file protein-v8.cif (mmCIF, C-alpha atoms and all ligand atoms)
data_model
loop_
_atom_site.group_PDB
_atom_site.id
_atom_site.type_symbol
_atom_site.label_atom_id
_atom_site.label_comp_id
_atom_site.auth_asym_id
_atom_site.auth_seq_id
_atom_site.Cartn_x
_atom_site.Cartn_y
_atom_site.Cartn_z
ATOM 1 C CA MET A 1 91.930 126.237 85.138
ATOM 2 C CA LYS A 2 88.418 124.953 85.807
ATOM 3 C CA PHE A 3 89.043 121.626 87.532
ATOM 4 C CA ILE A 4 92.502 122.068 89.099
ATOM 5 C CA PHE A 5 93.384 123.604 92.459
ATOM 6 C CA GLY A 6 96.684 123.768 94.300
ATOM 7 C CA PRO A 7 99.180 122.271 94.697
ATOM 8 C CA VAL A 8 98.536 122.592 98.432
ATOM 9 C CA ALA A 9 100.647 121.255 101.312
ATOM 10 C CA SER A 10 98.392 118.802 103.103
ATOM 11 C CA ARG A 11 99.238 117.424 106.556
ATOM 12 C CA ARG A 12 97.510 114.182 105.678
ATOM 13 C CA PHE A 13 98.832 113.411 102.210
ATOM 14 C CA GLY A 14 101.855 115.621 101.449
ATOM 15 C CA MET A 15 101.957 118.067 98.523
ATOM 16 C CA SER A 16 98.667 117.550 96.733
ATOM 17 C CA LEU A 17 97.348 118.723 93.358
ATOM 18 C CA GLY A 18 93.541 118.769 93.559
ATOM 19 C CA VAL A 19 91.111 117.838 90.800
ATOM 20 C CA ASP A 20 87.574 119.038 91.539
ATOM 21 C CA LEU A 21 85.062 116.979 89.564
ATOM 22 C CA SER A 22 82.178 119.332 90.354
ATOM 23 C CA PRO A 23 83.575 122.876 90.172
ATOM 24 C CA ASP A 24 80.339 124.693 89.271
ATOM 25 C CA LYS A 25 78.143 123.576 92.203
ATOM 26 C CA LYS A 26 77.744 121.152 95.098
ATOM 27 C CA ARG A 27 76.682 117.679 94.020
ATOM 28 C CA CYS A 28 76.557 115.368 96.998
ATOM 29 C CA ASN A 29 74.405 112.484 98.203
ATOM 30 C CA PHE A 30 75.099 113.583 101.797
ATOM 31 C CA ASP A 31 74.330 116.882 103.491
ATOM 32 C CA CYS A 32 76.757 116.563 106.408
ATOM 33 C CA ILE A 33 76.159 118.907 109.316
ATOM 34 C CA TYR A 34 79.884 119.735 109.353
ATOM 35 C CA CYS A 35 80.263 120.318 105.578
ATOM 36 C CA GLU A 36 82.351 123.357 104.706
ATOM 37 C CA LEU A 37 80.081 123.969 101.693
ATOM 38 C CA GLU A 38 76.602 125.475 101.906
ATOM 39 C CA PRO A 39 73.822 123.101 103.032
ATOM 40 C CA ALA A 40 72.148 121.466 100.014
ATOM 41 C CA LYS A 41 69.537 118.796 99.424
ATOM 42 C CA PRO A 42 71.375 115.532 98.700
ATOM 43 C CA VAL A 43 71.389 114.380 95.071
ATOM 44 C CA THR A 44 72.242 110.913 93.785
ATOM 45 C CA VAL A 45 72.757 111.750 90.098
ATOM 46 C CA TYR A 46 75.387 114.023 88.536
ATOM 47 C CA ASP A 47 73.593 116.310 86.038
ATOM 48 C CA ASN A 48 75.465 117.614 82.944
ATOM 49 C CA PRO A 49 78.782 115.878 83.646
ATOM 50 C CA PRO A 50 81.887 117.193 81.854
ATOM 51 C CA GLN A 51 83.625 114.905 79.346
ATOM 52 C CA VAL A 52 86.592 112.885 80.552
ATOM 53 C CA ASP A 53 88.951 114.557 78.046
ATOM 54 C CA GLU A 54 87.984 118.017 79.261
ATOM 55 C CA ILE A 55 89.211 117.099 82.761
ATOM 56 C CA PHE A 56 92.139 114.964 81.604
ATOM 57 C CA ASN A 57 93.616 117.645 79.308
ATOM 58 C CA GLU A 58 93.634 120.133 82.169
ATOM 59 C CA VAL A 59 95.255 117.665 84.559
ATOM 60 C CA LYS A 60 97.892 116.808 81.943
ATOM 61 C CA GLU A 61 98.770 120.473 81.573
ATOM 62 C CA ALA A 62 98.954 120.940 85.373
ATOM 63 C CA VAL A 63 101.170 117.863 85.775
ATOM 64 C CA GLU A 64 103.711 119.485 83.451
ATOM 65 C CA LEU A 65 103.554 122.773 85.376
ATOM 66 C CA TYR A 66 103.714 121.713 89.034
ATOM 67 C CA ASN A 67 105.690 119.517 91.413
ATOM 68 C CA PHE A 68 103.569 117.524 93.855
ATOM 69 C CA ASP A 69 103.345 114.129 95.594
ATOM 70 C CA VAL A 70 99.788 113.093 94.913
ATOM 71 C CA LEU A 71 96.977 113.817 92.463
ATOM 72 C CA THR A 72 93.857 114.143 94.613
ATOM 73 C CA ILE A 73 90.462 113.495 93.038
ATOM 74 C CA THR A 74 87.823 115.293 94.982
ATOM 75 C CA SER A 75 84.640 117.256 94.379
ATOM 76 C CA ASN A 76 82.339 119.936 95.655
ATOM 77 C CA GLY A 77 80.384 116.933 96.827
ATOM 78 C CA GLU A 78 80.984 113.232 96.246
ATOM 79 C CA PRO A 79 83.466 112.397 93.421
ATOM 80 C CA THR A 80 82.107 108.872 92.831
ATOM 81 C CA LEU A 81 78.849 110.416 91.569
ATOM 82 C CA TYR A 82 80.801 111.476 88.457
ATOM 83 C CA PRO A 83 79.512 108.890 85.971
ATOM 84 C CA TYR A 84 82.804 108.440 84.086
ATOM 85 C CA ILE A 85 85.037 107.976 87.127
ATOM 86 C CA ASP A 86 86.361 104.648 85.813
ATOM 87 C CA GLU A 87 87.350 106.073 82.423
ATOM 88 C CA LEU A 88 88.882 109.092 84.106
ATOM 89 C CA ILE A 89 91.128 107.103 86.454
ATOM 90 C CA GLU A 90 92.202 104.856 83.547
ATOM 91 C CA LYS A 91 93.442 107.955 81.723
ATOM 92 C CA LEU A 92 94.956 109.602 84.783
ATOM 93 C CA LYS A 93 97.055 106.477 85.425
ATOM 94 C CA THR A 94 98.899 107.178 82.155
ATOM 95 C CA LEU A 95 100.370 110.317 83.759
ATOM 96 C CA ASN A 96 102.354 108.140 86.210
ATOM 97 C CA LYS A 97 101.459 110.162 89.288
ATOM 98 C CA LYS A 98 100.301 108.772 92.630
ATOM 99 C CA THR A 99 96.497 109.019 92.744
ATOM 100 C CA LEU A 100 94.173 109.533 95.698
ATOM 101 C CA ILE A 101 90.384 109.798 95.903
ATOM 102 C CA LEU A 102 88.475 111.345 98.795
ATOM 103 C CA SER A 103 85.067 109.683 99.018
ATOM 104 C CA ASN A 104 82.271 109.826 101.586
ATOM 105 C CA SER A 105 81.869 105.990 101.142
ATOM 106 C CA SER A 106 78.211 106.196 100.129
ATOM 107 C CA THR A 107 78.723 104.244 96.884
ATOM 108 C CA ILE A 108 81.316 101.723 98.063
ATOM 109 C CA ASP A 109 78.761 98.887 98.035
ATOM 110 C CA ASN A 110 78.423 99.338 94.245
ATOM 111 C CA PRO A 111 80.682 96.771 92.472
ATOM 112 C CA LYS A 112 81.327 99.180 89.565
ATOM 113 C CA ILE A 113 82.565 101.871 91.937
ATOM 114 C CA GLN A 114 84.734 99.304 93.727
ATOM 115 C CA GLU A 115 86.340 98.404 90.382
ATOM 116 C CA ALA A 116 87.043 102.073 89.631
ATOM 117 C CA LEU A 117 88.396 102.825 93.119
ATOM 118 C CA LYS A 118 90.698 99.797 92.938
ATOM 119 C CA LYS A 119 92.690 101.704 90.317
ATOM 120 C CA PHE A 120 93.671 104.467 92.757
ATOM 121 C CA ASP A 121 96.901 104.242 94.783
ATOM 122 C CA ILE A 122 95.198 105.640 97.893
ATOM 123 C CA VAL A 123 91.482 105.576 98.742
ATOM 124 C CA LYS A 124 90.127 107.640 101.618
ATOM 125 C CA LEU A 125 86.665 106.606 102.788
ATOM 126 C CA SER A 126 84.683 108.372 105.521
ATOM 127 C CA LEU A 127 83.104 106.516 108.415
ATOM 128 C CA ASP A 128 81.773 109.074 110.868
ATOM 129 C CA ALA A 129 79.433 106.670 112.649
ATOM 130 C CA VAL A 130 78.261 103.073 112.499
ATOM 131 C CA THR A 131 75.017 103.395 114.477
ATOM 132 C CA PRO A 132 72.277 104.120 111.892
ATOM 133 C CA SER A 133 70.674 106.952 113.890
ATOM 134 C CA VAL A 134 74.056 108.667 114.504
ATOM 135 C CA PHE A 135 75.035 108.222 110.840
ATOM 136 C CA LYS A 136 71.774 109.866 109.728
ATOM 137 C CA LYS A 137 72.223 112.727 112.164
ATOM 138 C CA ILE A 138 75.789 113.581 111.196
ATOM 139 C CA ASP A 139 75.900 112.780 107.448
ATOM 140 C CA ARG A 140 72.244 113.410 106.515
ATOM 141 C CA PRO A 141 72.388 110.956 103.566
ATOM 142 C CA ALA A 142 70.045 110.794 100.583
ATOM 143 C CA LYS A 143 67.107 108.409 101.008
ATOM 144 C CA GLY A 144 68.120 104.778 100.516
ATOM 145 C CA ILE A 145 71.732 105.049 101.749
ATOM 146 C CA ASP A 146 72.069 102.555 104.567
ATOM 147 C CA ILE A 147 75.170 102.546 106.801
ATOM 148 C CA ASN A 148 75.066 98.746 107.087
ATOM 149 C CA ASN A 149 75.399 98.444 103.287
ATOM 150 C CA VAL A 150 78.210 101.004 103.347
ATOM 151 C CA ILE A 151 80.077 98.965 105.979
ATOM 152 C CA SER A 152 79.583 95.707 104.019
ATOM 153 C CA GLY A 153 80.827 97.492 100.892
ATOM 154 C CA MET A 154 83.947 98.672 102.735
ATOM 155 C CA LYS A 155 84.713 95.127 103.893
ATOM 156 C CA GLU A 156 84.256 93.733 100.386
ATOM 157 C CA PHE A 157 86.376 96.499 98.888
ATOM 158 C CA ARG A 158 89.225 95.892 101.348
ATOM 159 C CA LYS A 159 89.391 92.251 100.247
ATOM 160 C CA LYS A 160 89.851 93.310 96.608
ATOM 161 C CA TYR A 161 92.027 96.371 97.090
ATOM 162 C CA ASN A 162 95.806 96.235 97.448
ATOM 163 C CA GLY A 163 96.443 99.987 97.655
ATOM 164 C CA GLU A 164 96.428 102.145 100.788
ATOM 165 C CA LEU A 165 93.013 102.363 102.397
ATOM 166 C CA ILE A 166 92.448 105.238 104.806
ATOM 167 C CA ILE A 167 89.320 105.601 106.906
ATOM 168 C CA GLU A 168 88.435 109.054 108.191
ATOM 169 C CA ILE A 169 86.252 109.772 111.214
ATOM 170 C CA LEU A 170 85.184 113.394 111.604
ATOM 171 C CA VAL A 171 84.023 114.140 115.142
ATOM 172 C CA VAL A 172 81.214 116.596 115.923
ATOM 173 C CA LYS A 173 80.487 117.667 119.493
ATOM 174 C CA GLY A 174 77.382 116.020 120.941
ATOM 175 C CA ILE A 175 76.839 113.758 117.898
ATOM 176 C CA ASN A 176 79.539 111.092 117.384
ATOM 177 C CA ASP A 177 81.917 112.081 120.197
ATOM 178 C CA LYS A 178 80.815 109.268 122.521
ATOM 179 C CA VAL A 179 83.066 106.453 123.731
ATOM 180 C CA ASP A 180 80.295 103.982 122.960
ATOM 181 C CA GLU A 181 80.170 104.999 119.264
ATOM 182 C CA PHE A 182 83.958 104.779 119.034
ATOM 183 C CA LYS A 183 83.934 101.282 120.542
ATOM 184 C CA LYS A 184 81.445 100.252 117.859
ATOM 185 C CA ILE A 185 83.546 101.890 115.126
ATOM 186 C CA ASN A 186 86.547 99.993 116.512
ATOM 187 C CA GLU A 187 84.759 96.645 116.032
ATOM 188 C CA VAL A 188 83.971 97.528 112.409
ATOM 189 C CA LEU A 189 87.537 98.722 111.742
ATOM 190 C CA LYS A 190 88.890 95.403 113.006
ATOM 191 C CA GLU A 191 87.077 93.760 110.106
ATOM 192 C CA ILE A 192 87.811 96.407 107.472
ATOM 193 C CA LYS A 193 91.552 96.458 108.314
ATOM 194 C CA PRO A 194 92.436 99.872 106.883
ATOM 195 C CA ASP A 195 96.056 100.986 106.533
ATOM 196 C CA ARG A 196 95.428 104.200 108.435
ATOM 197 C CA VAL A 197 92.632 105.829 110.455
ATOM 198 C CA ASP A 198 92.401 109.639 110.448
ATOM 199 C CA ILE A 199 90.467 111.216 113.301
ATOM 200 C CA SER A 200 89.705 114.882 112.854
ATOM 201 C CA THR A 201 87.173 117.518 113.784
ATOM 202 C CA ILE A 202 85.631 120.675 112.347
ATOM 203 C CA ASP A 203 88.193 123.329 111.510
ATOM 204 C CA ARG A 204 86.287 125.462 109.007
ATOM 205 C CA PRO A 205 82.855 127.143 109.376
ATOM 206 C CA PRO A 206 80.303 124.313 109.125
ATOM 207 C CA ALA A 207 77.076 124.173 107.109
ATOM 208 C CA TYR A 208 74.943 123.858 110.246
ATOM 209 C CA ASN A 209 75.200 125.234 113.761
ATOM 210 C CA VAL A 210 77.531 122.607 115.227
ATOM 211 C CA GLU A 211 80.934 122.567 116.877
ATOM 212 C CA GLY A 212 84.029 120.444 116.800
ATOM 213 C CA VAL A 213 85.792 118.941 119.820
ATOM 214 C CA SER A 214 89.224 119.677 121.286
ATOM 215 C CA THR A 215 92.328 117.870 120.079
ATOM 216 C CA GLU A 216 92.633 116.375 123.583
ATOM 217 C CA ARG A 217 89.178 114.849 123.138
ATOM 218 C CA LEU A 218 90.212 113.369 119.784
ATOM 219 C CA PHE A 219 93.176 111.695 121.505
ATOM 220 C CA GLU A 220 90.916 110.414 124.309
ATOM 221 C CA LEU A 221 88.456 108.947 121.795
ATOM 222 C CA SER A 222 91.292 107.458 119.726
ATOM 223 C CA LYS A 223 92.193 105.236 122.716
ATOM 224 C CA ASN A 224 89.114 103.181 121.828
ATOM 225 C CA ILE A 225 90.512 102.370 118.384
ATOM 226 C CA GLU A 226 92.832 99.394 118.755
ATOM 227 C CA ASN A 227 95.829 98.304 116.683
ATOM 228 C CA GLN A 228 95.490 100.879 113.919
ATOM 229 C CA ASN A 229 97.844 103.518 112.509
ATOM 230 C CA ILE A 230 95.973 106.553 113.793
ATOM 231 C CA PHE A 231 96.620 110.023 112.459
ATOM 232 C CA ILE A 232 95.191 113.038 114.276
ATOM 233 C CA PRO A 233 95.991 116.306 112.529
ATOM 234 C CA THR A 234 96.951 118.822 115.224
ATOM 235 C CA ARG A 235 97.709 122.488 114.819
ATOM 236 C CA GLN A 236 98.412 123.539 118.391
ATOM 237 C CA LYS A 237 100.513 122.123 121.230
ATOM 238 C CA LEU A 238 98.379 119.817 123.346
ATOM 239 C CA LYS A 239 97.458 120.556 126.946
ATOM 240 C CA PHE A 240 98.517 117.134 128.216
ATOM 241 C CA GLN A 241 101.824 115.301 128.130
ATOM 242 C CA ILE A 242 103.020 111.802 128.740
ATOM 243 C CA GLU A 243 105.994 112.092 131.072
ATOM 244 C CA ASN A 244 109.066 110.135 132.118
ATOM 245 C CA LEU A 245 108.458 106.895 130.260
ATOM 246 C CA THR A 246 111.134 104.228 130.522
ATOM 247 C CA LYS A 247 112.465 102.499 127.410
ATOM 248 C CA GLU A 248 110.198 99.508 128.042
ATOM 249 C CA GLU A 249 107.123 101.662 128.637
ATOM 250 C CA LEU A 250 107.709 103.657 125.461
ATOM 251 C CA LEU A 251 108.276 100.499 123.405
ATOM 252 C CA ASN A 252 105.044 99.055 124.799
ATOM 253 C CA THR A 253 103.167 102.236 123.910
ATOM 254 C CA LEU A 254 104.536 102.245 120.347
ATOM 255 C CA LYS A 255 103.782 98.561 119.999
ATOM 256 C CA LYS A 256 100.112 99.044 120.814
ATOM 257 C CA ARG A 257 99.818 102.109 118.630
ATOM 258 C CA PRO A 258 102.288 103.670 116.175
ATOM 259 C CA PHE A 259 102.711 107.443 116.600
ATOM 260 C CA THR A 260 103.621 110.177 114.110
ATOM 261 C CA LYS A 261 106.587 112.525 114.656
ATOM 262 C CA ASN A 262 104.098 115.288 115.333
ATOM 263 C CA ASP A 263 102.400 113.181 118.047
ATOM 264 C CA ILE A 264 105.753 112.442 119.658
ATOM 265 C CA GLU A 265 106.708 116.105 119.786
ATOM 266 C CA ASN A 266 103.248 117.121 121.006
ATOM 267 C CA ILE A 267 102.454 114.441 123.546
ATOM 268 C CA PHE A 268 105.706 113.300 125.143
ATOM 269 C CA ASP A 269 107.853 115.360 127.510
ATOM 270 C CA GLU A 270 111.512 116.101 126.703
ATOM 271 C CA HIS A 271 112.815 113.129 128.703
ATOM 272 C CA THR A 272 110.582 110.687 126.785
ATOM 273 C CA GLN A 273 111.532 112.294 123.483
ATOM 274 C CA ARG A 274 115.215 111.648 124.340
ATOM 275 C CA ILE A 275 114.355 108.002 125.087
ATOM 276 C CA PHE A 276 112.537 107.869 121.743
ATOM 277 C CA ASN A 277 115.638 109.149 119.907
ATOM 278 C CA ASP A 278 117.818 106.552 121.698
ATOM 279 C CA LEU A 279 115.457 103.746 120.682
ATOM 280 C CA LEU A 280 115.512 104.998 117.118
ATOM 281 C CA LYS A 281 119.339 104.917 117.071
ATOM 282 C CA GLU A 282 119.271 101.400 118.523
ATOM 283 C CA ASN A 283 116.963 100.319 115.664
ATOM 284 C CA LEU A 284 114.252 99.228 118.081
ATOM 285 C CA ILE A 285 111.723 101.462 116.342
ATOM 286 C CA GLU A 286 110.866 101.317 112.653
ATOM 287 C CA GLU A 287 109.495 104.025 110.372
ATOM 288 C CA ILE A 288 106.465 103.192 108.267
ATOM 289 C CA TRP A 289 104.867 105.438 105.656
ATOM 290 C CA VAL A 290 101.109 105.301 105.103
ATOM 291 C CA GLY A 291 99.459 107.597 102.549
ATOM 292 C CA GLY A 292 102.185 110.237 102.874
ATOM 293 C CA VAL A 293 102.379 110.177 106.701
ATOM 294 C CA LYS A 294 105.332 108.718 108.621
ATOM 295 C CA PHE A 295 104.620 106.576 111.699
ATOM 296 C CA TYR A 296 106.999 105.104 114.279
ATOM 297 C CA LYS A 297 106.336 101.582 115.458
ATOM 298 C CA ALA A 298 108.150 99.408 118.039
ATOM 299 C CA LEU A 299 109.926 96.471 116.437
ATOM 300 C CA ILE A 300 109.601 94.155 119.433
HETATM 301 S S1 LIG B 401 80.230 114.268 101.946
HETATM 302 FE FE1 LIG B 401 81.630 115.980 101.879
HETATM 303 S S2 LIG B 401 80.763 117.392 100.354
HETATM 304 FE FE2 LIG B 401 79.182 115.921 100.876
HETATM 305 S S3 LIG B 401 78.009 116.973 102.448
HETATM 306 FE FE3 LIG B 401 79.543 115.687 103.470
HETATM 307 S S4 LIG B 401 81.287 117.010 103.817
HETATM 308 FE FE4 LIG B 401 79.977 118.017 102.300
#

call {"tool": "encode", "arguments": {"input": "protein-v8.cif", "output": "structure tokens"}}
result
Amino acid sequence: MKFIFGPVASRRFGMSLGVDLSPDKKRCNFDCIYCELEPAKPVTVYDNPPQVDEIFNEVKEAVELYNFDVLTITSNGEPTLYPYIDELIEKLKTLNKKTLILSNSSTIDNPKIQEALKKFDIVKLSLDAVTPSVFKKIDRPAKGIDINNVISGMKEFRKKYNGELIIEILVVKGINDKVDEFKKINEVLKEIKPDRVDISTIDRPPAYNVEGVSTERLFELSKNIENQNIFIPTRQKLKFQIENLTKEELLNTLKKRPFTKNDIENIFDEHTQRIFNDLLKENLIEEIWVGGVKFYKALI
């Protein structure tokens, strides 16, 4: 199949069947320093786009063949550059599968794109930085893409969109890994009000000579993001632990910030995990699902 990949088990979204809207080459209006694809000059127009039916017929066939949780629209580049994205999502909705789009946010200030994205069940938008100079350094956007317009577009979109909105911050060492940048991102997130914030770092060879940060650093930086459902994908056991919390202390922690099961197993010592299980049995903690990830939140 030309456009389909997977299904793949994704930590962030569950079992995902991917639809790549640009399988033959990279078409992106960013040239992010951390991109897992080859560096390429940003483009703002999709040349020689495939017809909607060509993609749809393949997806329809794959839907009959595979079991999965979510149909993920992505691209070797930016999927909203595909000029028939609105027609495509209209057709994909007829397959009655949960739909997700992974966008770099560059076009979110365009009302037509907002209308198309509104039709997805889950929209993931990237926001690696809010300071213009940091944004330019990390995402290397095409000329004319202004982070302030992107942020305004995100705020407008949130007001219109009732699905699950996820914001992703990808952290690169020495670029956007500063507390100050995270405090600024926090202020913007307060206004956007996403359903979930994913904070990740480089885990595949990047386009340019840059490095990611440790998972511990991601957790440190995440402390600057207030009152959000934060998801930090972790592979390894963390080097730090939170120890010997009382019931009240744990409830306070989970009130300020919901944690995933993975966080609880990674961050808390055995004693605190036992307290967590007791609180769960006493119904003082609730489970909430956001974009395929389960969080635990204190009820009081
Ligand atoms: S937006 Fe995605 S595809 Fe485009 S350069 Fe950045 S990481 Fe690569």

call {"tool": "resolve_selection", "arguments": {"input": "protein-v8.cif", "expression": "the PyMOL selection byres (((not hetatm)) within 10 of (chain B and resi 401))", "output": "JSON, numbers by chain"}}
result
{"A": [26, 27, 28, 29, 30, 31, 32, 33, 34, 35, 36, 37, 38, 39, 40, 41, 42, 43, 74, 75, 76, 77, 78, 79, 102, 103, 104, 105, 106, 126, 138, 139, 140, 141, 170, 206, 207]}

call {"tool": "atom_distance", "arguments": {"input": "protein-v8.cif", "atom1": "CA of Glu87 in chain A", "atom2": "CA of Leu125 in chain A"}}
result
20.4 Å

call {"tool": "closest_residue", "arguments": {"input": "protein-v8.cif", "among": "A:Val70, A:Ser22, A:Arg11, A:Ala116", "to": "Lys261 in chain A", "atoms": "all atoms listed in the file"}}
result
A:Arg11

call {"tool": "atom_distance", "arguments": {"input": "protein-v8.cif", "atom1": "CA of Asp195 in chain A", "atom2": "CA of Ile166 in chain A"}}
result
5.8 Å

call {"tool": "atom_distance", "arguments": {"input": "protein-v8.cif", "atom1": "CA of Thr131 in chain A", "atom2": "CA of Leu117 in chain A"}}
result
25.2 Å

call {"tool": "closest_residue", "arguments": {"input": "protein-v8.cif", "among": "A:Asn262, A:Asn57, A:Ser133, A:Thr94", "to": "Ile175 in chain A", "atoms": "only C-alpha atoms"}}
result
A:Ser133

call {"tool": "closest_residue", "arguments": {"input": "protein-v8.cif", "among": "A:Ile199, A:Leu221, A:Val52, A:Ile113", "to": "Phe157 in chain A", "atoms": "all atoms listed in the file"}}
result
A:Ile113

call {"tool": "resolve_selection", "arguments": {"input": "protein-v8.cif", "expression": "the PyMOL selection byres (((chain A and resi 231) around 9) and not hetatm)", "output": "count of residues only"}}
result
15

call {"tool": "closest_residue", "arguments": {"input": "protein-v8.cif", "among": "A:Glu90, A:Asp269, A:Glu187, A:Glu58", "to": "Asn244 in chain A", "atoms": "all atoms listed in the file"}}
result
A:Asp269

call {"tool": "closest_residue", "arguments": {"input": "protein-v8.cif", "among": "A:Ile55, A:Val172, A:Leu189, A:Val134", "to": "Glu211 in chain A", "atoms": "only C-alpha atoms"}}
result
A:Val172

call {"tool": "closest_residue", "arguments": {"input": "protein-v8.cif", "among": "A:Phe3, A:Phe182, A:Phe13, A:Phe276", "to": "Lys294 in chain A", "atoms": "all atoms listed in the file"}}
result
A:Phe13

call {"tool": "residues_around", "arguments": {"input": "protein-v8.cif", "residues": "Lys193 in chain A", "least_positions_apart": "6", "cutoff": "12 Å", "atoms": "only C-alpha atoms", "output": "PyMOL selection string"}}
result
chain A and resi 151+154-159+161-162+164-167+185-187+225-229
